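Some notes on the structure that comes next.
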Amino acid sequence: MSEFQPPEGETEVILPSVLQNGFLALGCLLAAGIMFRVDPAQVEAAVYMGGFFVFGAFVIMAVHLPGSTGIWIDRDGFLIRDMYKAERYDWDKVGPFIISRKLFGRGIEFAYRPAEGEPLQVRSLPRGLGGKPRHLAKRMNDWLAWAGGGIQE
């Protein structure tokens, strides 16, 4: 057991960062504005690229729709929702949460064993949740230690 004490009710919800996703969406909208101002004689597909950037901004912000993306944590495990795809993990079937380098930035990975005797799988938490990756990894490891779970070899 760690010194960590869960919030009242022994549940916690970690949602996407509005600030981080807002800046990404704003970047897409700025790029779209540039594409819409380009002379079609110079760049044939500028309007289509601009439309793609606008669509991208909407998709980026769609993660903030209620229940679409986040981590719902409780005593037994946690539920990951990533754009309405949901998967539940029990604490006794996951390993420590570690920060890993990705193509763009950092992500949080953990080992997962679906059933006894099956090989370990590497799974990832959704990107852009709860601020800095090191804080989220520590929070998830605190929950794992508090719940007394973890993969036993």
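Going by the structure tokens order, chains are called A, B, ..., each with residues numbered from 1, while ligands are numbered from 1 in the order shown.
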Just the strand (DSSP E or B) stuff from chain A, please, per backbone DSSP, written as a PyMOL selection string.
-> chain A and resi 11-14+16+70-74+77-82+85-90+94-101+106-112+121-124+129
Expected file contents, prior selection, C-alpha atoms, as a compact mmCIF listing (two decimals), in the first residue's frame:
```
# COMPACT_ATOMS: atom_id res chain seq x y z
CA THR A 11 -13.64 7.02 -7.75
CA GLU A 12 -11.91 9.50 -10.00
CA VAL A 13 -12.42 10.74 -13.54
CA ILE A 14 -9.56 12.09 -15.65
CA PRO A 16 -8.94 15.56 -21.70
CA GLY A 70 -11.36 9.90 -20.42
CA ILE A 71 -10.37 7.49 -17.69
CA TRP A 72 -12.88 6.43 -15.05
CA ILE A 73 -11.01 4.94 -12.06
CA ASP A 74 -12.37 2.96 -9.12
CA GLY A 77 -9.81 -1.04 -12.00
CA PHE A 78 -10.30 1.61 -14.63
CA LEU A 79 -12.28 2.21 -17.80
CA ILE A 80 -10.62 3.91 -20.75
CA ARG A 81 -12.83 5.63 -23.28
CA ASP A 82 -11.23 7.00 -26.41
CA LYS A 85 -14.42 3.07 -27.73
CA ALA A 86 -14.36 1.68 -24.20
CA GLU A 87 -12.21 -0.95 -22.53
CA ARG A 88 -12.17 -1.96 -18.87
CA TYR A 89 -8.98 -3.08 -17.06
CA ASP A 90 -8.77 -4.70 -13.63
CA VAL A 94 -2.06 -4.43 -15.42
CA GLY A 95 1.54 -3.54 -14.73
CA PRO A 96 3.21 -0.23 -13.86
CA PHE A 97 2.45 2.84 -15.94
CA ILE A 98 5.52 4.19 -17.72
CA ILE A 99 6.18 7.21 -19.89
CA SER A 100 7.35 6.39 -23.40
CA ARG A 101 8.50 8.46 -26.33
CA ARG A 106 5.22 11.35 -24.93
CA GLY A 107 2.60 8.81 -24.01
CA ILE A 108 1.82 6.50 -21.12
CA GLU A 109 1.99 2.75 -21.58
CA PHE A 110 1.26 -0.19 -19.31
CA ALA A 111 1.54 -3.95 -19.50
CA TYR A 112 -1.72 -5.88 -19.68
CA GLN A 121 0.41 -6.90 -24.18
CA VAL A 122 1.42 -3.25 -24.21
CA ARG A 123 -1.50 -0.82 -24.01
CA SER A 124 -1.58 2.98 -23.98
CA LEU A 129 -5.47 13.59 -20.58
```
DSSP on the backbone, then: every residue of segment 13-150 of chain A marked alpha helix (DSSP H), written as a ChimeraX atom specification.
-> /A:18-37,46-62,133-147
Nearest to Ala115 of chain A among A:Met61, A:Ile151, A:Ala31, A:Leu136, with distances taken over only C-alpha atoms: which residue is it?
-> A:Ile151
Mind checking which residues fall within 10 Å of Gly131 of chain A, counting only C-alpha atoms, ignoring those fewer than 6 positions away in the same chain, and posting them as a PyMOL selection string?
-> chain A and resi 14-20
Those residues with all heavy atoms, as a CSV table (one decimal), in the first residue's frame please?
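Once everything was written out, this is again31.csv:
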```
chain,number,residue,atom,x,y,z
A,14,ILE,N,-10.6,11.3,-15.0
A,14,ILE,CA,-9.6,12.1,-15.6
A,14,ILE,C,-10.0,12.4,-17.1
A,14,ILE,O,-10.2,11.4,-17.9
A,14,ILE,CB,-8.2,11.4,-15.6
A,14,ILE,CG1,-7.8,11.1,-14.2
A,14,ILE,CG2,-7.1,12.2,-16.3
A,14,ILE,CD1,-6.6,10.3,-14.0
A,15,LEU,N,-10.2,13.6,-17.4
A,15,LEU,CA,-10.7,14.1,-18.7
A,15,LEU,C,-9.7,14.7,-19.5
A,15,LEU,O,-8.6,15.1,-19.0
A,15,LEU,CB,-11.9,15.0,-18.5
A,15,LEU,CG,-13.1,14.4,-17.7
A,15,LEU,CD1,-14.1,15.5,-17.4
A,15,LEU,CD2,-13.7,13.3,-18.5
A,16,PRO,N,-9.9,14.9,-20.8
A,16,PRO,CA,-8.9,15.6,-21.7
A,16,PRO,C,-8.7,17.0,-21.3
A,16,PRO,O,-9.6,17.7,-20.7
A,16,PRO,CB,-9.6,15.5,-23.1
A,16,PRO,CG,-10.7,14.5,-23.0
A,16,PRO,CD,-11.1,14.5,-21.6
A,17,SER,N,-7.5,17.5,-21.7
A,17,SER,CA,-7.2,18.9,-21.4
A,17,SER,C,-7.8,19.8,-22.5
A,17,SER,O,-7.5,19.7,-23.7
A,17,SER,CB,-5.7,19.0,-21.4
A,17,SER,OG,-5.3,20.4,-21.4
A,18,VAL,N,-8.7,20.7,-22.0
A,18,VAL,CA,-9.3,21.7,-23.0
A,18,VAL,C,-8.2,22.6,-23.5
A,18,VAL,O,-8.3,22.9,-24.7
A,18,VAL,CB,-10.4,22.4,-22.3
A,18,VAL,CG1,-11.0,23.5,-23.2
A,18,VAL,CG2,-11.5,21.5,-21.8
A,19,LEU,N,-7.3,23.0,-22.7
A,19,LEU,CA,-6.2,23.9,-23.2
A,19,LEU,C,-5.4,23.3,-24.3
A,19,LEU,O,-5.2,23.9,-25.3
A,19,LEU,CB,-5.4,24.3,-22.0
A,19,LEU,CG,-4.4,25.4,-22.2
A,19,LEU,CD1,-5.0,26.7,-22.6
A,19,LEU,CD2,-3.5,25.6,-20.9
A,20,GLN,N,-4.9,22.1,-24.1
A,20,GLN,CA,-4.1,21.4,-25.1
A,20,GLN,C,-4.8,21.2,-26.4
A,20,GLN,O,-4.4,21.5,-27.4
A,20,GLN,CB,-3.5,20.1,-24.5
A,20,GLN,CG,-2.7,19.4,-25.5
A,20,GLN,CD,-2.2,18.0,-25.0
A,20,GLN,OE1,-2.4,17.7,-23.8
A,20,GLN,NE2,-1.5,17.3,-25.8
```
Which is closest to Trp146 of chain A among A:Asp39, A:Glu44, A:Asp76, A:Glu8, if we use only C-alpha atoms?
->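 Once distances to Trp146 of chain A are computed over only C-alpha atoms, the minimum belongs to A:Asp76.
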Shell around Pro114 of chain A at 8 Å using only C-alpha atoms, local window under 4 positions removed, as an NGL selection string | :A and (93 or 118 or 120)
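Distance check against Arg37 of chain A using only C-alpha atoms: of A:Lys132, A:Gly50, A:Lys138, A:Ala25, the minimum falls on A:Gly50.
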Of the candidates A:Gly149, A:Phe53, A:Phe23, A:Leu144, which shows the shortest atom-to-atom distance to Phe4 of chain A, using only C-alpha atoms?
-> A:Leu144
Distance of atom CA of Leu26 of chain A from atom CA of His64 of chain A, expressed in Å to one decimal place | 15.0 Å
Residues within 10 Å of Tyr48 of chain A, only C-alpha atoms, excluding chain neighbours under 4 positions, as an MDAnalysis selection string = chainID A and resid 32 35:36 44 52:54
